[in-house]
>>> print(open('model23.pdb').read())   # PDB, C-alpha atoms
ATOM      1  CA  MET P   1      -5.356   8.212  19.969
ATOM      2  CA  GLU P   2      -6.872  11.314  21.543
ATOM      3  CA  LEU P   3     -10.425   9.984  21.147
ATOM      4  CA  TYR P   4      -9.373   6.597  22.513
ATOM      5  CA  CYS P   5      -7.820   8.227  25.573
ATOM      6  CA  ALA P   6     -10.942  10.295  26.140
ATOM      7  CA  ALA P   7     -13.563   7.605  25.535
ATOM      8  CA  GLY P   8     -11.694   4.279  25.722
ATOM      9  CA  MET P   9     -12.841   0.781  24.888
ATOM     10  CA  ASP P  10     -16.404   1.550  25.951
ATOM     11  CA  TYR P  11     -16.733   3.844  22.942
ATOM     12  CA  VAL P  12     -15.059   1.282  20.693
ATOM     13  CA  ARG P  13     -17.611  -1.311  21.836
ATOM     14  CA  GLU P  14     -20.429   1.172  21.239
ATOM     15  CA  LEU P  15     -19.277   1.716  17.654
ATOM     16  CA  LEU P  16     -18.910  -2.013  17.091
ATOM     17  CA  GLY P  17     -22.412  -2.514  18.525
ATOM     18  CA  GLN P  18     -23.708  -0.123  15.866
ATOM     19  CA  GLY P  19     -22.141  -2.285  13.164
ATOM     20  CA  LYS P  20     -19.280   0.120  12.484
ATOM     21  CA  GLU P  21     -15.838  -0.997  11.347
ATOM     22  CA  VAL P  22     -13.238   0.288  13.813
ATOM     23  CA  PHE P  23      -9.642   1.221  13.011
ATOM     24  CA  LEU P  24      -7.605   1.592  16.220
ATOM     25  CA  ASP P  25      -4.577   3.707  15.399
ATOM     26  CA  LEU P  26      -2.746   3.092  18.669
ATOM     27  CA  LYS P  27       0.685   2.198  17.264
ATOM     28  CA  PHE P  28       1.473  -0.463  19.854
ATOM     29  CA  TYR P  29       5.153  -0.553  20.800
ATOM     30  CA  ASP P  30       6.200  -2.312  23.995
ATOM     31  CA  ILE P  31       7.814  -5.506  25.178
ATOM     32  CA  ALA P  32       6.617  -8.536  23.235
ATOM     33  CA  GLU P  33       4.521 -10.145  25.961
ATOM     34  CA  THR P  34       2.682  -6.890  26.651
ATOM     35  CA  VAL P  35       1.969  -6.375  22.955
ATOM     36  CA  LYS P  36       0.767  -9.952  22.561
ATOM     37  CA  ARG P  37      -1.643  -9.663  25.483
ATOM     38  CA  ALA P  38      -2.907  -6.234  24.442
ATOM     39  CA  VAL P  39      -3.521  -7.391  20.864
ATOM     40  CA  THR P  40      -5.365 -10.439  22.199
ATOM     41  CA  GLN P  41      -7.708  -8.099  24.084
ATOM     42  CA  VAL P  42      -8.284  -5.935  20.992
ATOM     43  CA  ALA P  43      -8.875  -9.020  18.831
ATOM     44  CA  LYS P  44     -11.633 -10.217  21.188
ATOM     45  CA  THR P  45     -13.622  -7.039  20.567
ATOM     46  CA  GLY P  46     -14.047  -7.413  16.804
ATOM     47  CA  VAL P  47     -12.017  -4.325  15.880
ATOM     48  CA  ARG P  48     -11.083  -4.445  12.177
ATOM     49  CA  PHE P  49      -7.659  -2.730  12.084
ATOM     50  CA  LEU P  50      -4.940  -2.075  14.645
ATOM     51  CA  THR P  51      -1.647  -0.290  14.100
ATOM     52  CA  ILE P  52       1.602  -1.506  15.592
ATOM     53  CA  HIS P  53       5.185  -0.368  15.115
ATOM     54  CA  ALA P  54       7.258  -2.207  12.513
ATOM     55  CA  SER P  55       9.689  -3.640  15.032
ATOM     56  CA  GLY P  56      10.358  -7.343  14.580
ATOM     57  CA  ALA P  57       9.532  -8.434  18.119
ATOM     58  CA  VAL P  58       6.440  -6.210  18.244
ATOM     59  CA  MET P  59       5.126  -7.532  14.936
ATOM     60  CA  ARG P  60       5.699 -11.183  15.850
ATOM     61  CA  ALA P  61       4.010 -10.696  19.222
ATOM     62  CA  ALA P  62       1.044  -8.925  17.629
ATOM     63  CA  VAL P  63       0.568 -11.693  15.073
ATOM     64  CA  GLU P  64       0.638 -14.257  17.873
ATOM     65  CA  GLY P  65      -1.777 -12.210  19.979
ATOM     66  CA  ARG P  66      -4.227 -11.829  17.115
ATOM     67  CA  GLY P  67      -4.603 -15.574  16.815
ATOM     68  CA  ASP P  68      -7.263 -16.590  14.305
ATOM     69  CA  SER P  69      -9.401 -13.472  14.779
ATOM     70  CA  ARG P  70     -10.379 -11.211  11.892
ATOM     71  CA  LEU P  71      -8.218  -8.375  13.275
ATOM     72  CA  GLN P  72      -5.930  -6.953  10.618
ATOM     73  CA  LEU P  73      -2.569  -5.630  11.752
ATOM     74  CA  LEU P  74      -0.940  -2.650  10.081
ATOM     75  CA  ALA P  75       2.741  -1.957  10.721
ATOM     76  CA  VAL P  76       3.802   1.682  10.991
ATOM     77  CA  THR P  77       7.172   1.948   9.265
ATOM     78  CA  VAL P  78       8.139   5.554  10.039
ATOM     79  CA  LEU P  79       5.735   8.109  11.475
ATOM     80  CA  THR P  80       4.553  10.388   8.685
ATOM     81  CA  SER P  81       5.505  13.438  10.727
ATOM     82  CA  PHE P  82       9.152  12.287  10.823
ATOM     83  CA  ASP P  83      11.839  13.619   8.555
ATOM     84  CA  ARG P  84      15.591  13.024   8.224
ATOM     85  CA  GLU P  85      16.346  15.118  11.331
ATOM     86  CA  ASP P  86      13.966  13.057  13.460
ATOM     87  CA  LEU P  87      15.641   9.851  12.342
ATOM     88  CA  ALA P  88      19.058  11.310  13.170
ATOM     89  CA  GLU P  89      17.832  12.148  16.687
ATOM     90  CA  LEU P  90      16.890   8.483  17.081
ATOM     91  CA  GLY P  91      20.335   7.377  15.893
ATOM     92  CA  TYR P  92      19.435   6.357  12.345
ATOM     93  CA  ASN P  93      21.935   7.535   9.756
ATOM     94  CA  CYS P  94      19.738   7.092   6.692
ATOM     95  CA  GLU P  95      17.021   8.732   4.668
ATOM     96  CA  VAL P  96      13.396   8.183   5.675
ATOM     97  CA  ALA P  97      12.643   6.297   2.454
ATOM     98  CA  ASP P  98      15.560   3.924   3.112
ATOM     99  CA  LEU P  99      14.213   2.991   6.550
ATOM    100  CA  VAL P 100      10.667   2.612   5.224
ATOM    101  CA  ASN P 101      11.938   0.368   2.422
ATOM    102  CA  LEU P 102      13.811  -1.764   4.953
ATOM    103  CA  LEU P 103      10.877  -2.160   7.341
ATOM    104  CA  ALA P 104       7.971  -2.655   4.911
ATOM    105  CA  PRO P 105       8.972  -6.086   3.548
ATOM    106  CA  ARG P 106       9.929  -7.227   7.053
ATOM    107  CA  ALA P 107       6.387  -6.432   8.158
ATOM    108  CA  VAL P 108       4.821  -8.642   5.527
ATOM    109  CA  LYS P 109       7.348 -11.390   6.245
ATOM    110  CA  ALA P 110       6.404 -11.178   9.958
ATOM    111  CA  GLY P 111       2.784 -11.904   9.044
ATOM    112  CA  VAL P 112       1.123  -8.519   9.431
ATOM    113  CA  ASP P 113      -1.602  -7.646   6.954
ATOM    114  CA  GLY P 114      -0.251  -4.357   5.734
ATOM    115  CA  VAL P 115       1.889  -1.301   6.138
ATOM    116  CA  VAL P 116       1.331   2.342   6.977
ATOM    117  CA  ALA P 117       3.597   4.658   4.986
ATOM    118  CA  SER P 118       3.632   8.217   3.723
ATOM    119  CA  PRO P 119       2.277   8.927   0.235
ATOM    120  CA  LEU P 120       5.872   9.815  -0.651
ATOM    121  CA  GLU P 121       6.859   6.165  -0.273
ATOM    122  CA  ALA P 122       3.626   4.569  -1.504
ATOM    123  CA  ALA P 123       4.859   3.365  -4.900
ATOM    124  CA  ALA P 124       8.106   1.945  -3.540
ATOM    125  CA  VAL P 125       6.333   0.261  -0.630
ATOM    126  CA  ARG P 126       3.695  -1.262  -2.911
ATOM    127  CA  SER P 127       6.433  -2.796  -5.057
ATOM    128  CA  LEU P 128       8.111  -4.209  -1.936
ATOM    129  CA  ILE P 129       5.037  -5.645  -0.189
ATOM    130  CA  GLY P 130       3.150  -6.872  -3.239
ATOM    131  CA  PRO P 131      -0.395  -6.315  -4.446
ATOM    132  CA  ASP P 132      -2.192  -8.293  -1.739
ATOM    133  CA  ALA P 133      -0.889  -6.493   1.344
ATOM    134  CA  ILE P 134      -2.837  -3.503   2.650
ATOM    135  CA  LEU P 135      -1.162  -0.139   2.107
ATOM    136  CA  VAL P 136      -2.449   2.764   4.203
ATOM    137  CA  THR P 137      -1.233   6.231   3.304
ATOM    138  CA  PRO P 138      -2.264   8.724   5.995
ATOM    139  CA  ARG P 139      -1.571  12.433   6.029
ATOM    140  CA  CYS P 140      -3.525  13.052   2.826
ATOM    141  CA  SER P 141      -5.302  16.382   2.585
ATOM    142  CA  LEU P 142      -7.595  18.168   0.195
ATOM    143  CA  GLY P 143      -4.754  20.525  -0.671
ATOM    144  CA  GLY P 144      -4.561  24.273  -0.417
ATOM    145  CA  ARG P 145      -3.701  24.207   3.279
ATOM    146  CA  ARG P 146      -0.315  25.138   4.601
ATOM    147  CA  GLN P 147       1.611  22.166   5.929
ATOM    148  CA  GLY P 148       2.757  22.364   9.519
ATOM    149  CA  ARG P 149       5.540  20.475  11.241
ATOM    150  CA  SER P 150       3.281  17.507  12.023
ATOM    151  CA  GLU P 151       2.643  17.116   8.315
ATOM    152  CA  ALA P 152       6.216  16.814   7.060
ATOM    153  CA  ARG P 153       5.412  14.050   4.559
ATOM    154  CA  ARG P 154       1.783  14.820   3.676
ATOM    155  CA  HIS P 155       0.252  14.879   0.193
ATOM    156  CA  THR P 156      -3.158  15.242  -1.376
ATOM    157  CA  GLY P 157      -5.282  12.164  -1.958
ATOM    158  CA  ARG P 158      -4.808  12.522  -5.721
ATOM    159  CA  SER P 159      -1.041  12.617  -5.299
ATOM    160  CA  ALA P 160      -1.084   9.534  -3.058
ATOM    161  CA  ALA P 161      -3.182   7.604  -5.589
ATOM    162  CA  ARG P 162      -0.746   8.471  -8.389
ATOM    163  CA  ARG P 163       2.182   7.287  -6.283
ATOM    164  CA  SER P 164       0.666   3.871  -5.451
TER     165      SER P 164
END
>>> encode(input="model23.pdb", output="structure tokens")
Amino acid sequence: MELYCAAGMDYVRELLGQGKEVFLDLKFYDIAETVKRAVTQVAKTGVRFLTIHASGAVMRAAVEGRGDSRLQLLAVTVLTSFDREDLAELGYNCEVADLVNLLAPRAVKAGVDGVVASPLEAAAVRSLIGPDAILVTPRCSLGGRRQGRSEARRHTGRSAARRS
């Protein structure tokens, strides 16, 4: 997001012009019509992946906005930096895994191509979304580094692979 804000779509187009595959991790979350129109603009560029929030209206709008382009939509279930306290602040009275497990199958049902979830939930999410949906597990590290607050649900790549 930081790079996108600094360089914008011009840089995205430059990368695409060099034959690169582009993953826009922008986590779209707005009113449906705005999401639909924004996704339509992204789809026209040839970007490969775009993240959206796993809200029903957002996902449906994004799928509509994508049309028949090759853009693949990835629904963010719960931000990987979130923990139980963050959910409580938002008014959710459940564990993170419970919310992830609720949202992941809804994403696939809405027509998105995959789900973004913490390595902690990878195995459960895979069983819920099936083998064909894309499963992205960010927040993986090489290990040995102290985890900060923004890395509440991070794991090593090896750990994530074992869990999926």
>>> resolve_selection(input="model23.pdb", expression="the PyMOL selection byres ((chain P and resi 129) around 9)", output="ChimeraX atom specification")
/P:104-109,114-115,124-128,130-135
>>> closest_residue(input="model23.pdb", among="P:Arg70, P:Arg37, P:Arg84, P:Lys20", to="P:Phe49", atoms="all atoms listed in the file")
P:Arg70
>>> closest_residue(input="model23.pdb", among="P:Arg66, P:Val47, P:Val112, P:Ala117", to="P:Phe82", atoms="only C-alpha atoms")
P:Ala117
>>> resolve_selection(input="model23.pdb", expression="the PyMOL selection byres ((chain P and resi 53) around 6)", output="PyMOL selection string")
chain P and resi 27+29+52+54-55+75-76
>>> closest_residue(input="model23.pdb", among="P:Asn93, P:Thr51, P:Thr34, P:Gln18", to="P:Gly65", atoms="only C-alpha atoms")
P:Thr34
>>> decode(input="model23.pdb", residues="stretch 19-30 of chain P", atoms="all heavy atoms", output="PDB file, in the first residue's frame")
ATOM      1  N   GLY P  19       6.434  -6.956 -18.252  1.00  0.00           N
ATOM      2  CA  GLY P  19       6.032  -8.361 -18.219  1.00  0.00           C
ATOM      3  C   GLY P  19       5.907  -8.939 -16.825  1.00  0.00           C
ATOM      4  O   GLY P  19       5.812 -10.159 -16.668  1.00  0.00           O
ATOM      5  N   LYS P  20       5.910  -8.099 -15.824  1.00  0.00           N
ATOM      6  CA  LYS P  20       5.807  -8.566 -14.432  1.00  0.00           C
ATOM      7  C   LYS P  20       4.359  -8.882 -14.085  1.00  0.00           C
ATOM      8  O   LYS P  20       3.429  -8.275 -14.608  1.00  0.00           O
ATOM      9  CB  LYS P  20       6.316  -7.505 -13.447  1.00  0.00           C
ATOM     10  CG  LYS P  20       7.682  -6.966 -13.758  1.00  0.00           C
ATOM     11  CD  LYS P  20       8.746  -7.938 -13.390  1.00  0.00           C
ATOM     12  CE  LYS P  20      10.106  -7.262 -13.550  1.00  0.00           C
ATOM     13  NZ  LYS P  20      11.182  -8.182 -13.633  1.00  0.00           N
ATOM     14  N   GLU P  21       4.179  -9.829 -13.177  1.00  0.00           N
ATOM     15  CA  GLU P  21       2.867 -10.107 -12.596  1.00  0.00           C
ATOM     16  C   GLU P  21       2.718  -9.181 -11.402  1.00  0.00           C
ATOM     17  O   GLU P  21       3.633  -9.085 -10.572  1.00  0.00           O
ATOM     18  CB  GLU P  21       2.766 -11.563 -12.135  1.00  0.00           C
ATOM     19  CG  GLU P  21       2.896 -12.575 -13.251  1.00  0.00           C
ATOM     20  CD  GLU P  21       1.649 -12.687 -14.104  1.00  0.00           C
ATOM     21  OE1 GLU P  21       0.590 -12.166 -13.709  1.00  0.00           O
ATOM     22  OE2 GLU P  21       1.728 -13.302 -15.171  1.00  0.00           O
ATOM     23  N   VAL P  22       1.591  -8.509 -11.280  1.00  0.00           N
ATOM     24  CA  VAL P  22       1.406  -7.528 -10.206  1.00  0.00           C
ATOM     25  C   VAL P  22       0.300  -7.979  -9.262  1.00  0.00           C
ATOM     26  O   VAL P  22      -0.787  -8.364  -9.693  1.00  0.00           O
ATOM     27  CB  VAL P  22       1.089  -6.128 -10.777  1.00  0.00           C
ATOM     28  CG1 VAL P  22       0.790  -5.134  -9.660  1.00  0.00           C
ATOM     29  CG2 VAL P  22       2.254  -5.637 -11.631  1.00  0.00           C
ATOM     30  N   PHE P  23       0.614  -7.923  -7.982  1.00  0.00           N
ATOM     31  CA  PHE P  23      -0.314  -8.248  -6.894  1.00  0.00           C
ATOM     32  C   PHE P  23      -0.584  -6.937  -6.163  1.00  0.00           C
ATOM     33  O   PHE P  23       0.291  -6.418  -5.487  1.00  0.00           O
ATOM     34  CB  PHE P  23       0.373  -9.252  -5.956  1.00  0.00           C
ATOM     35  CG  PHE P  23      -0.462  -9.749  -4.807  1.00  0.00           C
ATOM     36  CD1 PHE P  23      -0.653 -11.097  -4.628  1.00  0.00           C
ATOM     37  CD2 PHE P  23      -1.013  -8.883  -3.866  1.00  0.00           C
ATOM     38  CE1 PHE P  23      -1.386 -11.576  -3.559  1.00  0.00           C
ATOM     39  CE2 PHE P  23      -1.749  -9.346  -2.801  1.00  0.00           C
ATOM     40  CZ  PHE P  23      -1.939 -10.704  -2.650  1.00  0.00           C
ATOM     41  N   LEU P  24      -1.787  -6.392  -6.329  1.00  0.00           N
ATOM     42  CA  LEU P  24      -2.156  -5.147  -5.638  1.00  0.00           C
ATOM     43  C   LEU P  24      -2.837  -5.499  -4.326  1.00  0.00           C
ATOM     44  O   LEU P  24      -3.970  -5.972  -4.310  1.00  0.00           O
ATOM     45  CB  LEU P  24      -3.110  -4.310  -6.498  1.00  0.00           C
ATOM     46  CG  LEU P  24      -2.510  -3.416  -7.554  1.00  0.00           C
ATOM     47  CD1 LEU P  24      -3.613  -2.615  -8.254  1.00  0.00           C
ATOM     48  CD2 LEU P  24      -1.466  -2.491  -6.998  1.00  0.00           C
ATOM     49  N   ASP P  25      -2.137  -5.268  -3.248  1.00  0.00           N
ATOM     50  CA  ASP P  25      -2.668  -5.568  -1.912  1.00  0.00           C
ATOM     51  C   ASP P  25      -3.270  -4.292  -1.344  1.00  0.00           C
ATOM     52  O   ASP P  25      -2.711  -3.679  -0.440  1.00  0.00           O
ATOM     53  CB  ASP P  25      -1.552  -6.107  -1.016  1.00  0.00           C
ATOM     54  CG  ASP P  25      -2.061  -6.598   0.324  1.00  0.00           C
ATOM     55  OD1 ASP P  25      -3.296  -6.804   0.460  1.00  0.00           O
ATOM     56  OD2 ASP P  25      -1.239  -6.776   1.236  1.00  0.00           O
ATOM     57  N   LEU P  26      -4.423  -3.907  -1.884  1.00  0.00           N
ATOM     58  CA  LEU P  26      -5.051  -2.641  -1.491  1.00  0.00           C
ATOM     59  C   LEU P  26      -6.253  -2.832  -0.572  1.00  0.00           C
ATOM     60  O   LEU P  26      -6.781  -1.862  -0.044  1.00  0.00           O
ATOM     61  CB  LEU P  26      -5.454  -1.842  -2.729  1.00  0.00           C
ATOM     62  CG  LEU P  26      -4.291  -1.433  -3.622  1.00  0.00           C
ATOM     63  CD1 LEU P  26      -4.797  -0.673  -4.839  1.00  0.00           C
ATOM     64  CD2 LEU P  26      -3.277  -0.602  -2.863  1.00  0.00           C
ATOM     65  N   LYS P  27      -6.692  -4.063  -0.404  1.00  0.00           N
ATOM     66  CA  LYS P  27      -7.775  -4.386   0.529  1.00  0.00           C
ATOM     67  C   LYS P  27      -8.986  -3.466   0.357  1.00  0.00           C
ATOM     68  O   LYS P  27      -9.432  -2.826   1.294  1.00  0.00           O
ATOM     69  CB  LYS P  27      -7.274  -4.351   1.976  1.00  0.00           C
ATOM     70  CG  LYS P  27      -6.137  -5.304   2.252  1.00  0.00           C
ATOM     71  CD  LYS P  27      -5.597  -5.116   3.663  1.00  0.00           C
ATOM     72  CE  LYS P  27      -4.318  -5.850   3.868  1.00  0.00           C
ATOM     73  NZ  LYS P  27      -3.152  -5.172   3.286  1.00  0.00           N
ATOM     74  N   PHE P  28      -9.526  -3.436  -0.839  1.00  0.00           N
ATOM     75  CA  PHE P  28     -10.680  -2.570  -1.105  1.00  0.00           C
ATOM     76  C   PHE P  28     -11.811  -2.848  -0.122  1.00  0.00           C
ATOM     77  O   PHE P  28     -12.166  -4.004   0.127  1.00  0.00           O
ATOM     78  CB  PHE P  28     -11.208  -2.794  -2.522  1.00  0.00           C
ATOM     79  CG  PHE P  28     -10.407  -2.138  -3.613  1.00  0.00           C
ATOM     80  CD1 PHE P  28      -9.221  -1.466  -3.367  1.00  0.00           C
ATOM     81  CD2 PHE P  28     -10.855  -2.195  -4.917  1.00  0.00           C
ATOM     82  CE1 PHE P  28      -8.513  -0.856  -4.390  1.00  0.00           C
ATOM     83  CE2 PHE P  28     -10.151  -1.603  -5.952  1.00  0.00           C
ATOM     84  CZ  PHE P  28      -8.986  -0.927  -5.685  1.00  0.00           C
ATOM     85  N   TYR P  29     -12.385  -1.757   0.390  1.00  0.00           N
ATOM     86  CA  TYR P  29     -13.520  -1.853   1.317  1.00  0.00           C
ATOM     87  C   TYR P  29     -14.253  -0.521   1.282  1.00  0.00           C
ATOM     88  O   TYR P  29     -13.802   0.462   1.857  1.00  0.00           O
ATOM     89  CB  TYR P  29     -13.013  -2.160   2.734  1.00  0.00           C
ATOM     90  CG  TYR P  29     -14.107  -2.448   3.737  1.00  0.00           C
ATOM     91  CD1 TYR P  29     -14.922  -3.561   3.604  1.00  0.00           C
ATOM     92  CD2 TYR P  29     -14.301  -1.619   4.825  1.00  0.00           C
ATOM     93  CE1 TYR P  29     -15.904  -3.831   4.536  1.00  0.00           C
ATOM     94  CE2 TYR P  29     -15.286  -1.882   5.766  1.00  0.00           C
ATOM     95  CZ  TYR P  29     -16.084  -3.003   5.612  1.00  0.00           C
ATOM     96  OH  TYR P  29     -17.064  -3.278   6.525  1.00  0.00           O
ATOM     97  N   ASP P  30     -15.359  -0.486   0.560  1.00  0.00           N
ATOM     98  CA  ASP P  30     -16.117   0.757   0.403  1.00  0.00           C
ATOM     99  C   ASP P  30     -17.526   0.369  -0.013  1.00  0.00           C
ATOM    100  O   ASP P  30     -17.859  -0.824  -0.052  1.00  0.00           O
ATOM    101  CB  ASP P  30     -15.447   1.644  -0.661  1.00  0.00           C
ATOM    102  CG  ASP P  30     -15.692   3.129  -0.437  1.00  0.00           C
ATOM    103  OD1 ASP P  30     -16.843   3.501  -0.127  1.00  0.00           O
ATOM    104  OD2 ASP P  30     -14.745   3.913  -0.571  1.00  0.00           O
TER     105      ASP P  30
END
